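Asks: The file below is entry27.txt, compact mmCIF, N, CA, C and O atoms:
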```
# COMPACT_ATOMS: atom_id res chain seq x y z
N MET A 1 148.94 50.30 73.66
CA MET A 1 148.19 51.23 74.47
C MET A 1 148.69 52.64 74.20
O MET A 1 149.87 52.89 74.12
N LEU A 2 147.74 53.54 74.07
CA LEU A 2 148.10 54.94 73.89
C LEU A 2 148.63 55.49 75.20
O LEU A 2 148.17 55.12 76.28
N MET A 3 149.60 56.37 75.10
CA MET A 3 150.17 56.98 76.30
C MET A 3 149.90 58.49 76.24
O MET A 3 150.10 59.11 75.21
N PRO A 4 149.44 59.05 77.34
CA PRO A 4 149.21 60.50 77.35
C PRO A 4 150.53 61.26 77.29
O PRO A 4 151.58 60.76 77.71
N HIS A 5 150.46 62.46 76.76
CA HIS A 5 151.64 63.31 76.70
C HIS A 5 152.11 63.57 78.14
O HIS A 5 151.29 63.81 79.03
N PRO A 6 153.42 63.51 78.39
CA PRO A 6 153.92 63.70 79.76
C PRO A 6 153.47 65.00 80.42
O PRO A 6 153.17 65.02 81.61
N ALA A 7 153.39 66.07 79.67
CA ALA A 7 152.96 67.35 80.26
C ALA A 7 151.49 67.29 80.68
O ALA A 7 151.11 67.83 81.73
N VAL A 8 150.67 66.62 79.88
CA VAL A 8 149.26 66.48 80.22
C VAL A 8 149.12 65.59 81.46
O VAL A 8 148.37 65.90 82.39
N LEU A 9 149.86 64.49 81.47
CA LEU A 9 149.80 63.58 82.60
C LEU A 9 150.27 64.26 83.88
O LEU A 9 149.64 64.12 84.93
N ARG A 10 151.35 65.01 83.81
CA ARG A 10 151.85 65.74 84.97
C ARG A 10 150.79 66.72 85.48
O ARG A 10 150.54 66.84 86.67
N GLY A 11 150.14 67.42 84.56
CA GLY A 11 149.08 68.35 84.95
C GLY A 11 147.91 67.66 85.63
O GLY A 11 147.38 68.15 86.63
N LEU A 12 147.52 66.49 85.11
CA LEU A 12 146.43 65.74 85.73
C LEU A 12 146.78 65.31 87.15
O LEU A 12 145.96 65.43 88.06
N VAL A 13 147.99 64.81 87.33
CA VAL A 13 148.42 64.38 88.66
C VAL A 13 148.43 65.57 89.62
O VAL A 13 147.90 65.49 90.73
N ASP A 14 149.01 66.67 89.18
CA ASP A 14 149.08 67.87 90.04
C ASP A 14 147.68 68.39 90.39
O ASP A 14 147.40 68.71 91.55
N GLU A 15 146.81 68.45 89.37
CA GLU A 15 145.45 68.94 89.62
C GLU A 15 144.69 67.99 90.55
O GLU A 15 143.96 68.45 91.44
N TYR A 16 144.84 66.69 90.34
CA TYR A 16 144.14 65.73 91.19
C TYR A 16 144.60 65.88 92.64
O TYR A 16 143.77 65.92 93.55
N GLU A 17 145.90 65.93 92.85
CA GLU A 17 146.42 66.04 94.22
C GLU A 17 145.93 67.32 94.90
O GLU A 17 145.57 67.30 96.07
N ALA A 18 145.90 68.43 94.16
CA ALA A 18 145.41 69.69 94.74
C ALA A 18 143.91 69.61 95.04
O ALA A 18 143.47 70.03 96.12
N ALA A 19 143.14 69.06 94.10
CA ALA A 19 141.70 68.95 94.32
C ALA A 19 141.39 68.02 95.49
O ALA A 19 140.53 68.30 96.31
N ALA A 20 142.11 66.90 95.56
CA ALA A 20 141.87 65.94 96.65
C ALA A 20 142.19 66.58 98.00
O ALA A 20 141.56 66.26 99.01
N LEU A 21 143.14 67.48 98.01
CA LEU A 21 143.55 68.12 99.25
C LEU A 21 142.66 69.30 99.64
O LEU A 21 142.31 69.47 100.81
N TYR A 22 142.25 70.10 98.65
CA TYR A 22 141.58 71.36 98.96
C TYR A 22 140.10 71.43 98.63
O TYR A 22 139.40 72.29 99.17
N GLU A 23 139.61 70.59 97.72
CA GLU A 23 138.19 70.68 97.34
C GLU A 23 137.31 70.18 98.49
O GLU A 23 137.57 69.12 99.05
N PRO A 24 136.26 70.90 98.81
CA PRO A 24 135.36 70.43 99.86
C PRO A 24 134.69 69.11 99.45
O PRO A 24 134.45 68.86 98.27
N ALA A 25 134.41 68.29 100.43
CA ALA A 25 133.73 67.01 100.18
C ALA A 25 132.31 67.28 99.69
O ALA A 25 131.75 68.35 99.92
N ASP A 26 131.74 66.28 99.00
CA ASP A 26 130.35 66.43 98.57
C ASP A 26 129.41 66.21 99.75
O ASP A 26 129.86 66.02 100.88
N ASP A 27 128.13 66.19 99.50
CA ASP A 27 127.12 66.09 100.57
C ASP A 27 127.20 64.77 101.34
O ASP A 27 126.74 64.69 102.48
N THR A 28 127.76 63.74 100.72
CA THR A 28 127.85 62.44 101.39
C THR A 28 129.20 62.23 102.07
O THR A 28 129.46 61.17 102.62
N GLY A 29 130.07 63.23 101.97
CA GLY A 29 131.40 63.12 102.57
C GLY A 29 132.44 62.54 101.63
O GLY A 29 133.60 62.36 102.00
N GLY A 30 132.04 62.25 100.40
CA GLY A 30 132.97 61.71 99.40
C GLY A 30 133.70 62.83 98.69
O GLY A 30 133.50 64.02 98.98
N PRO A 31 134.54 62.48 97.74
CA PRO A 31 135.29 63.49 96.99
C PRO A 31 134.34 64.43 96.25
O PRO A 31 133.25 64.03 95.84
N GLY A 32 134.78 65.65 96.07
CA GLY A 32 134.00 66.63 95.33
C GLY A 32 133.98 66.31 93.85
O GLY A 32 134.71 65.45 93.37
N PRO A 33 133.17 67.04 93.08
CA PRO A 33 133.02 66.74 91.66
C PRO A 33 134.31 66.90 90.84
O PRO A 33 134.58 66.10 89.95
N ARG A 34 135.09 67.91 91.13
CA ARG A 34 136.35 68.08 90.37
C ARG A 34 137.31 66.94 90.66
O ARG A 34 137.95 66.41 89.75
N THR A 35 137.40 66.53 91.91
CA THR A 35 138.28 65.42 92.28
C THR A 35 137.81 64.14 91.58
O THR A 35 138.63 63.38 91.06
N ARG A 36 136.51 63.90 91.55
CA ARG A 36 135.97 62.70 90.87
C ARG A 36 136.27 62.75 89.37
O ARG A 36 136.66 61.74 88.78
N ASP A 37 136.09 63.92 88.76
CA ASP A 37 136.37 64.06 87.32
C ASP A 37 137.84 63.79 87.02
O ASP A 37 138.18 63.10 86.04
N LEU A 38 138.71 64.34 87.83
CA LEU A 38 140.15 64.13 87.61
C LEU A 38 140.54 62.68 87.85
O LEU A 38 141.38 62.14 87.12
N ALA A 39 139.94 62.05 88.84
CA ALA A 39 140.22 60.63 89.10
C ALA A 39 139.82 59.80 87.89
O ALA A 39 140.57 58.91 87.44
N TYR A 40 138.65 60.07 87.33
CA TYR A 40 138.18 59.35 86.15
C TYR A 40 139.15 59.56 84.98
O TYR A 40 139.53 58.61 84.30
N THR A 41 139.54 60.81 84.74
CA THR A 41 140.43 61.11 83.63
C THR A 41 141.79 60.43 83.81
O THR A 41 142.37 59.92 82.85
N LEU A 42 142.30 60.41 85.02
CA LEU A 42 143.56 59.71 85.29
C LEU A 42 143.43 58.22 85.01
O LEU A 42 144.32 57.61 84.42
N CYS A 43 142.32 57.65 85.43
CA CYS A 43 142.10 56.21 85.19
C CYS A 43 142.03 55.91 83.69
O CYS A 43 142.67 54.97 83.21
N VAL A 44 141.29 56.71 82.95
CA VAL A 44 141.20 56.51 81.50
C VAL A 44 142.57 56.70 80.85
O VAL A 44 142.98 55.92 79.99
N SER A 45 143.30 57.71 81.29
CA SER A 45 144.60 58.01 80.70
C SER A 45 145.64 56.93 80.96
O SER A 45 146.58 56.77 80.17
N THR A 46 145.49 56.20 82.05
CA THR A 46 146.48 55.18 82.41
C THR A 46 145.99 53.76 82.21
O THR A 46 146.71 52.81 82.47
N GLY A 47 144.73 53.61 81.78
CA GLY A 47 144.19 52.27 81.55
C GLY A 47 143.92 51.50 82.83
O GLY A 47 144.04 50.29 82.86
N THR A 48 143.57 52.22 83.89
CA THR A 48 143.29 51.57 85.18
C THR A 48 141.86 51.86 85.58
O THR A 48 141.16 52.63 84.92
N ARG A 49 141.43 51.24 86.68
CA ARG A 49 140.06 51.47 87.16
C ARG A 49 140.04 51.99 88.59
O ARG A 49 138.98 52.13 89.18
N ASP A 50 141.19 52.27 89.14
CA ASP A 50 141.30 52.74 90.52
C ASP A 50 142.27 53.91 90.53
O ASP A 50 143.36 53.83 89.95
N VAL A 51 141.89 55.00 91.20
CA VAL A 51 142.72 56.20 91.16
C VAL A 51 144.08 55.98 91.80
O VAL A 51 145.08 56.54 91.35
N ALA A 52 144.18 55.14 92.82
CA ALA A 52 145.49 54.87 93.42
C ALA A 52 146.40 54.18 92.40
O ALA A 52 147.59 54.53 92.30
N LEU A 53 145.86 53.23 91.65
CA LEU A 53 146.65 52.57 90.60
C LEU A 53 146.99 53.53 89.47
O LEU A 53 148.08 53.48 88.90
N ALA A 54 146.04 54.43 89.16
CA ALA A 54 146.29 55.42 88.11
C ALA A 54 147.43 56.36 88.50
O ALA A 54 148.30 56.66 87.69
N LEU A 55 147.42 56.81 89.75
CA LEU A 55 148.50 57.68 90.22
C LEU A 55 149.84 56.95 90.22
O LEU A 55 150.87 57.51 89.82
N GLU A 56 149.83 55.69 90.63
CA GLU A 56 151.06 54.89 90.62
C GLU A 56 151.59 54.74 89.20
O GLU A 56 152.78 54.94 88.95
N ALA A 57 150.72 54.41 88.26
CA ALA A 57 151.13 54.26 86.87
C ALA A 57 151.64 55.58 86.31
O ALA A 57 152.68 55.62 85.63
N ALA A 58 150.92 56.67 86.58
CA ALA A 58 151.33 57.98 86.08
C ALA A 58 152.70 58.37 86.61
O ALA A 58 153.57 58.83 85.86
N ARG A 59 152.92 58.17 87.89
CA ARG A 59 154.23 58.51 88.47
C ARG A 59 155.35 57.65 87.89
O ARG A 59 156.46 58.13 87.67
N ARG A 60 155.05 56.39 87.65
CA ARG A 60 156.04 55.49 87.05
C ARG A 60 156.40 55.95 85.64
O ARG A 60 157.57 56.01 85.28
N TRP A 61 155.38 56.29 84.84
CA TRP A 61 155.62 56.76 83.47
C TRP A 61 156.39 58.07 83.47
O TRP A 61 157.30 58.25 82.65
N LEU A 62 156.02 58.98 84.36
CA LEU A 62 156.71 60.26 84.41
C LEU A 62 158.15 60.11 84.85
O LEU A 62 159.04 60.80 84.35
N ALA A 63 158.42 59.19 85.76
CA ALA A 63 159.79 58.97 86.24
C ALA A 63 160.65 58.34 85.15
O ALA A 63 161.86 58.59 85.10
N ALA A 64 160.03 57.55 84.28
CA ALA A 64 160.78 56.88 83.22
C ALA A 64 161.23 57.85 82.14
O ALA A 64 162.15 57.56 81.38
N GLY A 65 160.60 59.01 82.06
CA GLY A 65 160.97 59.99 81.05
C GLY A 65 160.27 59.70 79.74
O GLY A 65 159.59 58.69 79.58
N PRO A 66 160.43 60.58 78.78
CA PRO A 66 159.74 60.43 77.51
C PRO A 66 160.27 59.24 76.72
O PRO A 66 161.47 58.96 76.72
N ALA A 67 159.37 58.56 76.07
CA ALA A 67 159.76 57.44 75.20
C ALA A 67 160.28 58.02 73.89
O ALA A 67 159.78 59.03 73.41
N PRO A 68 161.28 57.38 73.32
CA PRO A 68 161.78 57.88 72.04
C PRO A 68 160.70 57.73 70.97
O PRO A 68 159.96 56.76 70.94
N VAL A 69 160.62 58.72 70.11
CA VAL A 69 159.64 58.71 69.04
C VAL A 69 160.35 58.33 67.75
O VAL A 69 161.31 59.00 67.35
N PRO A 70 159.91 57.25 67.10
CA PRO A 70 160.58 56.88 65.85
C PRO A 70 160.32 57.94 64.78
O PRO A 70 159.22 58.47 64.67
N VAL A 71 161.35 58.23 64.01
CA VAL A 71 161.24 59.21 62.94
C VAL A 71 161.18 58.46 61.63
O VAL A 71 162.09 57.69 61.32
N PRO A 72 160.11 58.64 60.85
CA PRO A 72 160.04 57.94 59.57
C PRO A 72 161.10 58.46 58.61
O PRO A 72 161.40 59.66 58.58
N VAL A 73 161.67 57.56 57.87
CA VAL A 73 162.69 57.92 56.91
C VAL A 73 162.05 57.92 55.54
O VAL A 73 161.50 56.91 55.10
N ALA A 74 162.10 59.06 54.89
CA ALA A 74 161.50 59.18 53.55
C ALA A 74 162.52 58.80 52.51
O ALA A 74 163.72 59.01 52.66
N GLU A 75 162.02 58.23 51.44
CA GLU A 75 162.88 57.93 50.28
C GLU A 75 163.23 59.24 49.59
O GLU A 75 162.39 60.14 49.49
N PRO A 76 164.45 59.38 49.11
CA PRO A 76 164.81 60.59 48.38
C PRO A 76 163.93 60.74 47.14
O PRO A 76 163.56 59.76 46.51
N ALA A 77 163.60 61.96 46.80
CA ALA A 77 162.77 62.23 45.64
C ALA A 77 163.49 61.78 44.37
O ALA A 77 164.69 61.96 44.21
N GLY A 78 162.71 61.15 43.48
CA GLY A 78 163.25 60.76 42.18
C GLY A 78 163.98 59.44 42.19
O GLY A 78 164.52 59.04 41.16
N VAL A 79 164.03 58.74 43.28
CA VAL A 79 164.71 57.46 43.32
C VAL A 79 163.69 56.35 43.08
O VAL A 79 162.68 56.27 43.76
N ALA A 80 163.94 55.51 42.10
CA ALA A 80 163.03 54.42 41.78
C ALA A 80 163.69 53.10 42.15
O ALA A 80 164.91 52.98 42.15
N ASP A 81 162.86 52.13 42.46
CA ASP A 81 163.39 50.79 42.79
C ASP A 81 163.88 50.09 41.59
O ASP A 81 163.49 49.99 40.55
```
Have the structure of the file written as structure tokens, please.

Replies:
Amino acid sequence: MLMPHPAVLRGLVDEYEAAALYEPADDTGGPGPRTRDLAYTLCVSTGTRDVALALEAARRWLAAGPAPVPVPVAEPAGVAD
């Protein structure tokens, strides 16, 4: 599974929380369009289908810290097998 960059994920969580708190509700009393868009993006980014699960996964990944990135080792130039 692809993992979003931690800075992007942190930004999505922060934006979602702010939008959920401050964005006016839509005409039916549900979340506003920005909140819905951010919820969708969080779900896609975390491989979930529910924003509560997406936030839980995002917080878990962010708390775990960055995963080590393997560095490919190149063969020295001019060395033959």

Asks: For the structure I just gave you, how does DSSP split region 27-65 of chain A - specifically, which residues are helix (DSSP H, G or I)? Reply as a PyMOL selection string.

Replies: chain A and resi 33-46+51-64

Asks: Counting all atoms listed in the file, which residues come within 6 Å of (146.4, 60.9, 81.3), with the point read in the file's coordinates, and could you list them as a list in words?

Replies: Pro4, Val8, Leu9, Thr41, Leu42, Val44, Ser45 and Thr46 of chain A

Asks: Output N, CA, C and O atoms for every residue in the selection just made, as a CSV table (one decimal), in the frame of the given file.

Replies:
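Final file, selection.csv:
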```
chain,number,residue,atom,x,y,z
A,4,PRO,N,149.4,59.0,77.3
A,4,PRO,CA,149.2,60.5,77.4
A,4,PRO,C,150.5,61.3,77.3
A,4,PRO,O,151.6,60.8,77.7
A,8,VAL,N,150.7,66.6,79.9
A,8,VAL,CA,149.3,66.5,80.2
A,8,VAL,C,149.1,65.6,81.5
A,8,VAL,O,148.4,65.9,82.4
A,9,LEU,N,149.9,64.5,81.5
A,9,LEU,CA,149.8,63.6,82.6
A,9,LEU,C,150.3,64.3,83.9
A,9,LEU,O,149.6,64.1,84.9
A,41,THR,N,139.5,60.8,84.7
A,41,THR,CA,140.4,61.1,83.6
A,41,THR,C,141.8,60.4,83.8
A,41,THR,O,142.4,59.9,82.8
A,42,LEU,N,142.3,60.4,85.0
A,42,LEU,CA,143.6,59.7,85.3
A,42,LEU,C,143.4,58.2,85.0
A,42,LEU,O,144.3,57.6,84.4
A,44,VAL,N,141.3,56.7,83.0
A,44,VAL,CA,141.2,56.5,81.5
A,44,VAL,C,142.6,56.7,80.8
A,44,VAL,O,143.0,55.9,80.0
A,45,SER,N,143.3,57.7,81.3
A,45,SER,CA,144.6,58.0,80.7
A,45,SER,C,145.6,56.9,81.0
A,45,SER,O,146.6,56.8,80.2
A,46,THR,N,145.5,56.2,82.0
A,46,THR,CA,146.5,55.2,82.4
A,46,THR,C,146.0,53.8,82.2
A,46,THR,O,146.7,52.8,82.5
```

Asks: One number please: atom O of Ala18 (chain A) to atom C of Pro33 (chain A), in Å, one decimal.

Replies: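 Distance between the two atoms: 11.0 Å.
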
Asks: Grab the atom O of Leu21 (chain A) to CA of Gly65 (chain A) distance for me, in Å with one decimal place.

Replies: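 Atom-to-atom, atom O of Leu21 (chain A) and CA of Gly65 (chain A) are spaced 28.8 Å apart.
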
Asks: Go ahead and compute the interatomic distance for atom O of Ala57 (chain A) and CA of Asp26 (chain A), in Å to one decimal.

Replies: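 If I compute the distance from atom O of Ala57 (chain A) to CA of Asp26 (chain A), I get 28.0 Å.
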
Asks: Near Ala19 (chain A), counting only C-alpha atoms, which residues have an atom at most 10 Å away, once you skip same-chain residues fewer than 3 positions from it, shown as a PDB file with N, CA, C and O atoms, in the coordinates of the input?

Replies:
```pdb
ATOM      1  N   VAL A  13     147.990  64.810  87.330  1.00  0.00           N
ATOM      2  CA  VAL A  13     148.420  64.380  88.660  1.00  0.00           C
ATOM      3  C   VAL A  13     148.430  65.570  89.620  1.00  0.00           C
ATOM      4  O   VAL A  13     147.900  65.490  90.730  1.00  0.00           O
ATOM      5  N   ASP A  14     149.010  66.670  89.180  1.00  0.00           N
ATOM      6  CA  ASP A  14     149.080  67.870  90.040  1.00  0.00           C
ATOM      7  C   ASP A  14     147.680  68.390  90.390  1.00  0.00           C
ATOM      8  O   ASP A  14     147.400  68.710  91.550  1.00  0.00           O
ATOM      9  N   GLU A  15     146.810  68.450  89.370  1.00  0.00           N
ATOM     10  CA  GLU A  15     145.450  68.940  89.620  1.00  0.00           C
ATOM     11  C   GLU A  15     144.690  67.990  90.550  1.00  0.00           C
ATOM     12  O   GLU A  15     143.960  68.450  91.440  1.00  0.00           O
ATOM     13  N   TYR A  16     144.840  66.690  90.340  1.00  0.00           N
ATOM     14  CA  TYR A  16     144.140  65.730  91.190  1.00  0.00           C
ATOM     15  C   TYR A  16     144.600  65.880  92.640  1.00  0.00           C
ATOM     16  O   TYR A  16     143.770  65.920  93.550  1.00  0.00           O
ATOM     17  N   TYR A  22     142.250  70.100  98.650  1.00  0.00           N
ATOM     18  CA  TYR A  22     141.580  71.360  98.960  1.00  0.00           C
ATOM     19  C   TYR A  22     140.100  71.430  98.630  1.00  0.00           C
ATOM     20  O   TYR A  22     139.400  72.290  99.170  1.00  0.00           O
ATOM     21  N   GLU A  23     139.610  70.590  97.720  1.00  0.00           N
ATOM     22  CA  GLU A  23     138.190  70.680  97.340  1.00  0.00           C
ATOM     23  C   GLU A  23     137.310  70.180  98.490  1.00  0.00           C
ATOM     24  O   GLU A  23     137.570  69.120  99.050  1.00  0.00           O
ATOM     25  N   PRO A  24     136.260  70.900  98.810  1.00  0.00           N
ATOM     26  CA  PRO A  24     135.360  70.430  99.860  1.00  0.00           C
ATOM     27  C   PRO A  24     134.690  69.110  99.450  1.00  0.00           C
ATOM     28  O   PRO A  24     134.450  68.860  98.270  1.00  0.00           O
ATOM     29  N   PRO A  31     134.540  62.480  97.740  1.00  0.00           N
ATOM     30  CA  PRO A  31     135.290  63.490  96.990  1.00  0.00           C
ATOM     31  C   PRO A  31     134.340  64.430  96.250  1.00  0.00           C
ATOM     32  O   PRO A  31     133.250  64.030  95.840  1.00  0.00           O
ATOM     33  N   GLY A  32     134.780  65.650  96.070  1.00  0.00           N
ATOM     34  CA  GLY A  32     134.000  66.630  95.330  1.00  0.00           C
ATOM     35  C   GLY A  32     133.980  66.310  93.850  1.00  0.00           C
ATOM     36  O   GLY A  32     134.710  65.450  93.370  1.00  0.00           O
ATOM     37  N   PRO A  33     133.170  67.040  93.080  1.00  0.00           N
ATOM     38  CA  PRO A  33     133.020  66.740  91.660  1.00  0.00           C
ATOM     39  C   PRO A  33     134.310  66.900  90.840  1.00  0.00           C
ATOM     40  O   PRO A  33     134.580  66.100  89.950  1.00  0.00           O
ATOM     41  N   ARG A  34     135.090  67.910  91.130  1.00  0.00           N
ATOM     42  CA  ARG A  34     136.350  68.080  90.370  1.00  0.00           C
ATOM     43  C   ARG A  34     137.310  66.940  90.660  1.00  0.00           C
ATOM     44  O   ARG A  34     137.950  66.410  89.750  1.00  0.00           O
ATOM     45  N   THR A  35     137.400  66.530  91.910  1.00  0.00           N
ATOM     46  CA  THR A  35     138.280  65.420  92.280  1.00  0.00           C
ATOM     47  C   THR A  35     137.810  64.140  91.580  1.00  0.00           C
ATOM     48  O   THR A  35     138.630  63.380  91.060  1.00  0.00           O
ATOM     49  N   ARG A  36     136.510  63.900  91.550  1.00  0.00           N
ATOM     50  CA  ARG A  36     135.970  62.700  90.870  1.00  0.00           C
ATOM     51  C   ARG A  36     136.270  62.750  89.370  1.00  0.00           C
ATOM     52  O   ARG A  36     136.660  61.740  88.780  1.00  0.00           O
ATOM     53  N   LEU A  38     138.710  64.340  87.830  1.00  0.00           N
ATOM     54  CA  LEU A  38     140.150  64.130  87.610  1.00  0.00           C
ATOM     55  C   LEU A  38     140.540  62.680  87.850  1.00  0.00           C
ATOM     56  O   LEU A  38     141.380  62.140  87.120  1.00  0.00           O
ATOM     57  N   ALA A  39     139.940  62.050  88.840  1.00  0.00           N
ATOM     58  CA  ALA A  39     140.220  60.630  89.100  1.00  0.00           C
ATOM     59  C   ALA A  39     139.820  59.800  87.890  1.00  0.00           C
ATOM     60  O   ALA A  39     140.570  58.910  87.440  1.00  0.00           O
TER      61      ALA A  39
END
```

Asks: Reconstruct region 12-21 of chain A at the level of all heavy atoms, and format the result as a PDB file, in the coordinates of the input.

Replies:
```
ATOM      1  N   LEU A  12     147.520  66.490  85.110  1.00  0.00           N
ATOM      2  CA  LEU A  12     146.430  65.740  85.730  1.00  0.00           C
ATOM      3  C   LEU A  12     146.780  65.310  87.150  1.00  0.00           C
ATOM      4  O   LEU A  12     145.960  65.430  88.060  1.00  0.00           O
ATOM      5  CB  LEU A  12     146.095  64.499  84.898  1.00  0.00           C
ATOM      6  CG  LEU A  12     145.317  64.725  83.617  1.00  0.00           C
ATOM      7  CD1 LEU A  12     145.267  63.438  82.794  1.00  0.00           C
ATOM      8  CD2 LEU A  12     143.918  65.217  83.924  1.00  0.00           C
ATOM      9  N   VAL A  13     147.990  64.810  87.330  1.00  0.00           N
ATOM     10  CA  VAL A  13     148.420  64.380  88.660  1.00  0.00           C
ATOM     11  C   VAL A  13     148.430  65.570  89.620  1.00  0.00           C
ATOM     12  O   VAL A  13     147.900  65.490  90.730  1.00  0.00           O
ATOM     13  CB  VAL A  13     149.815  63.696  88.611  1.00  0.00           C
ATOM     14  CG1 VAL A  13     150.372  63.480  90.002  1.00  0.00           C
ATOM     15  CG2 VAL A  13     149.738  62.380  87.847  1.00  0.00           C
ATOM     16  N   ASP A  14     149.010  66.670  89.180  1.00  0.00           N
ATOM     17  CA  ASP A  14     149.080  67.870  90.040  1.00  0.00           C
ATOM     18  C   ASP A  14     147.680  68.390  90.390  1.00  0.00           C
ATOM     19  O   ASP A  14     147.400  68.710  91.550  1.00  0.00           O
ATOM     20  CB  ASP A  14     149.892  68.969  89.358  1.00  0.00           C
ATOM     21  CG  ASP A  14     151.370  68.643  89.261  1.00  0.00           C
ATOM     22  OD1 ASP A  14     151.829  67.675  89.929  1.00  0.00           O
ATOM     23  OD2 ASP A  14     152.072  69.335  88.488  1.00  0.00           O
ATOM     24  N   GLU A  15     146.810  68.450  89.370  1.00  0.00           N
ATOM     25  CA  GLU A  15     145.450  68.940  89.620  1.00  0.00           C
ATOM     26  C   GLU A  15     144.690  67.990  90.550  1.00  0.00           C
ATOM     27  O   GLU A  15     143.960  68.450  91.440  1.00  0.00           O
ATOM     28  CB  GLU A  15     144.681  69.066  88.313  1.00  0.00           C
ATOM     29  CG  GLU A  15     144.984  70.312  87.529  1.00  0.00           C
ATOM     30  CD  GLU A  15     144.040  70.443  86.351  1.00  0.00           C
ATOM     31  OE1 GLU A  15     142.841  70.720  86.576  1.00  0.00           O
ATOM     32  OE2 GLU A  15     144.511  70.260  85.215  1.00  0.00           O
ATOM     33  N   TYR A  16     144.840  66.690  90.340  1.00  0.00           N
ATOM     34  CA  TYR A  16     144.140  65.730  91.190  1.00  0.00           C
ATOM     35  C   TYR A  16     144.600  65.880  92.640  1.00  0.00           C
ATOM     36  O   TYR A  16     143.770  65.920  93.550  1.00  0.00           O
ATOM     37  CB  TYR A  16     144.361  64.290  90.721  1.00  0.00           C
ATOM     38  CG  TYR A  16     143.752  63.306  91.686  1.00  0.00           C
ATOM     39  CD1 TYR A  16     142.398  63.022  91.649  1.00  0.00           C
ATOM     40  CD2 TYR A  16     144.520  62.727  92.687  1.00  0.00           C
ATOM     41  CE1 TYR A  16     141.816  62.171  92.574  1.00  0.00           C
ATOM     42  CE2 TYR A  16     143.954  61.873  93.618  1.00  0.00           C
ATOM     43  CZ  TYR A  16     142.603  61.599  93.559  1.00  0.00           C
ATOM     44  OH  TYR A  16     142.030  60.762  94.487  1.00  0.00           O
ATOM     45  N   GLU A  17     145.900  65.930  92.850  1.00  0.00           N
ATOM     46  CA  GLU A  17     146.420  66.040  94.220  1.00  0.00           C
ATOM     47  C   GLU A  17     145.930  67.320  94.900  1.00  0.00           C
ATOM     48  O   GLU A  17     145.570  67.300  96.070  1.00  0.00           O
ATOM     49  CB  GLU A  17     147.946  65.970  94.201  1.00  0.00           C
ATOM     50  CG  GLU A  17     148.439  64.575  93.860  1.00  0.00           C
ATOM     51  CD  GLU A  17     149.937  64.486  93.676  1.00  0.00           C
ATOM     52  OE1 GLU A  17     150.595  65.531  93.446  1.00  0.00           O
ATOM     53  OE2 GLU A  17     150.452  63.358  93.747  1.00  0.00           O
ATOM     54  N   ALA A  18     145.900  68.430  94.160  1.00  0.00           N
ATOM     55  CA  ALA A  18     145.410  69.690  94.740  1.00  0.00           C
ATOM     56  C   ALA A  18     143.910  69.610  95.040  1.00  0.00           C
ATOM     57  O   ALA A  18     143.470  70.030  96.120  1.00  0.00           O
ATOM     58  CB  ALA A  18     145.698  70.849  93.785  1.00  0.00           C
ATOM     59  N   ALA A  19     143.140  69.060  94.100  1.00  0.00           N
ATOM     60  CA  ALA A  19     141.700  68.950  94.320  1.00  0.00           C
ATOM     61  C   ALA A  19     141.390  68.020  95.490  1.00  0.00           C
ATOM     62  O   ALA A  19     140.530  68.300  96.310  1.00  0.00           O
ATOM     63  CB  ALA A  19     141.009  68.452  93.047  1.00  0.00           C
ATOM     64  N   ALA A  20     142.110  66.900  95.560  1.00  0.00           N
ATOM     65  CA  ALA A  20     141.870  65.940  96.650  1.00  0.00           C
ATOM     66  C   ALA A  20     142.190  66.580  98.000  1.00  0.00           C
ATOM     67  O   ALA A  20     141.560  66.260  99.010  1.00  0.00           O
ATOM     68  CB  ALA A  20     142.710  64.685  96.436  1.00  0.00           C
ATOM     69  N   LEU A  21     143.140  67.480  98.010  1.00  0.00           N
ATOM     70  CA  LEU A  21     143.550  68.120  99.250  1.00  0.00           C
ATOM     71  C   LEU A  21     142.660  69.300  99.640  1.00  0.00           C
ATOM     72  O   LEU A  21     142.310  69.470 100.810  1.00  0.00           O
ATOM     73  CB  LEU A  21     145.007  68.599  99.111  1.00  0.00           C
ATOM     74  CG  LEU A  21     145.719  69.098 100.342  1.00  0.00           C
ATOM     75  CD1 LEU A  21     145.769  68.006 101.409  1.00  0.00           C
ATOM     76  CD2 LEU A  21     147.126  69.540  99.980  1.00  0.00           C
TER      77      LEU A  21
END
```
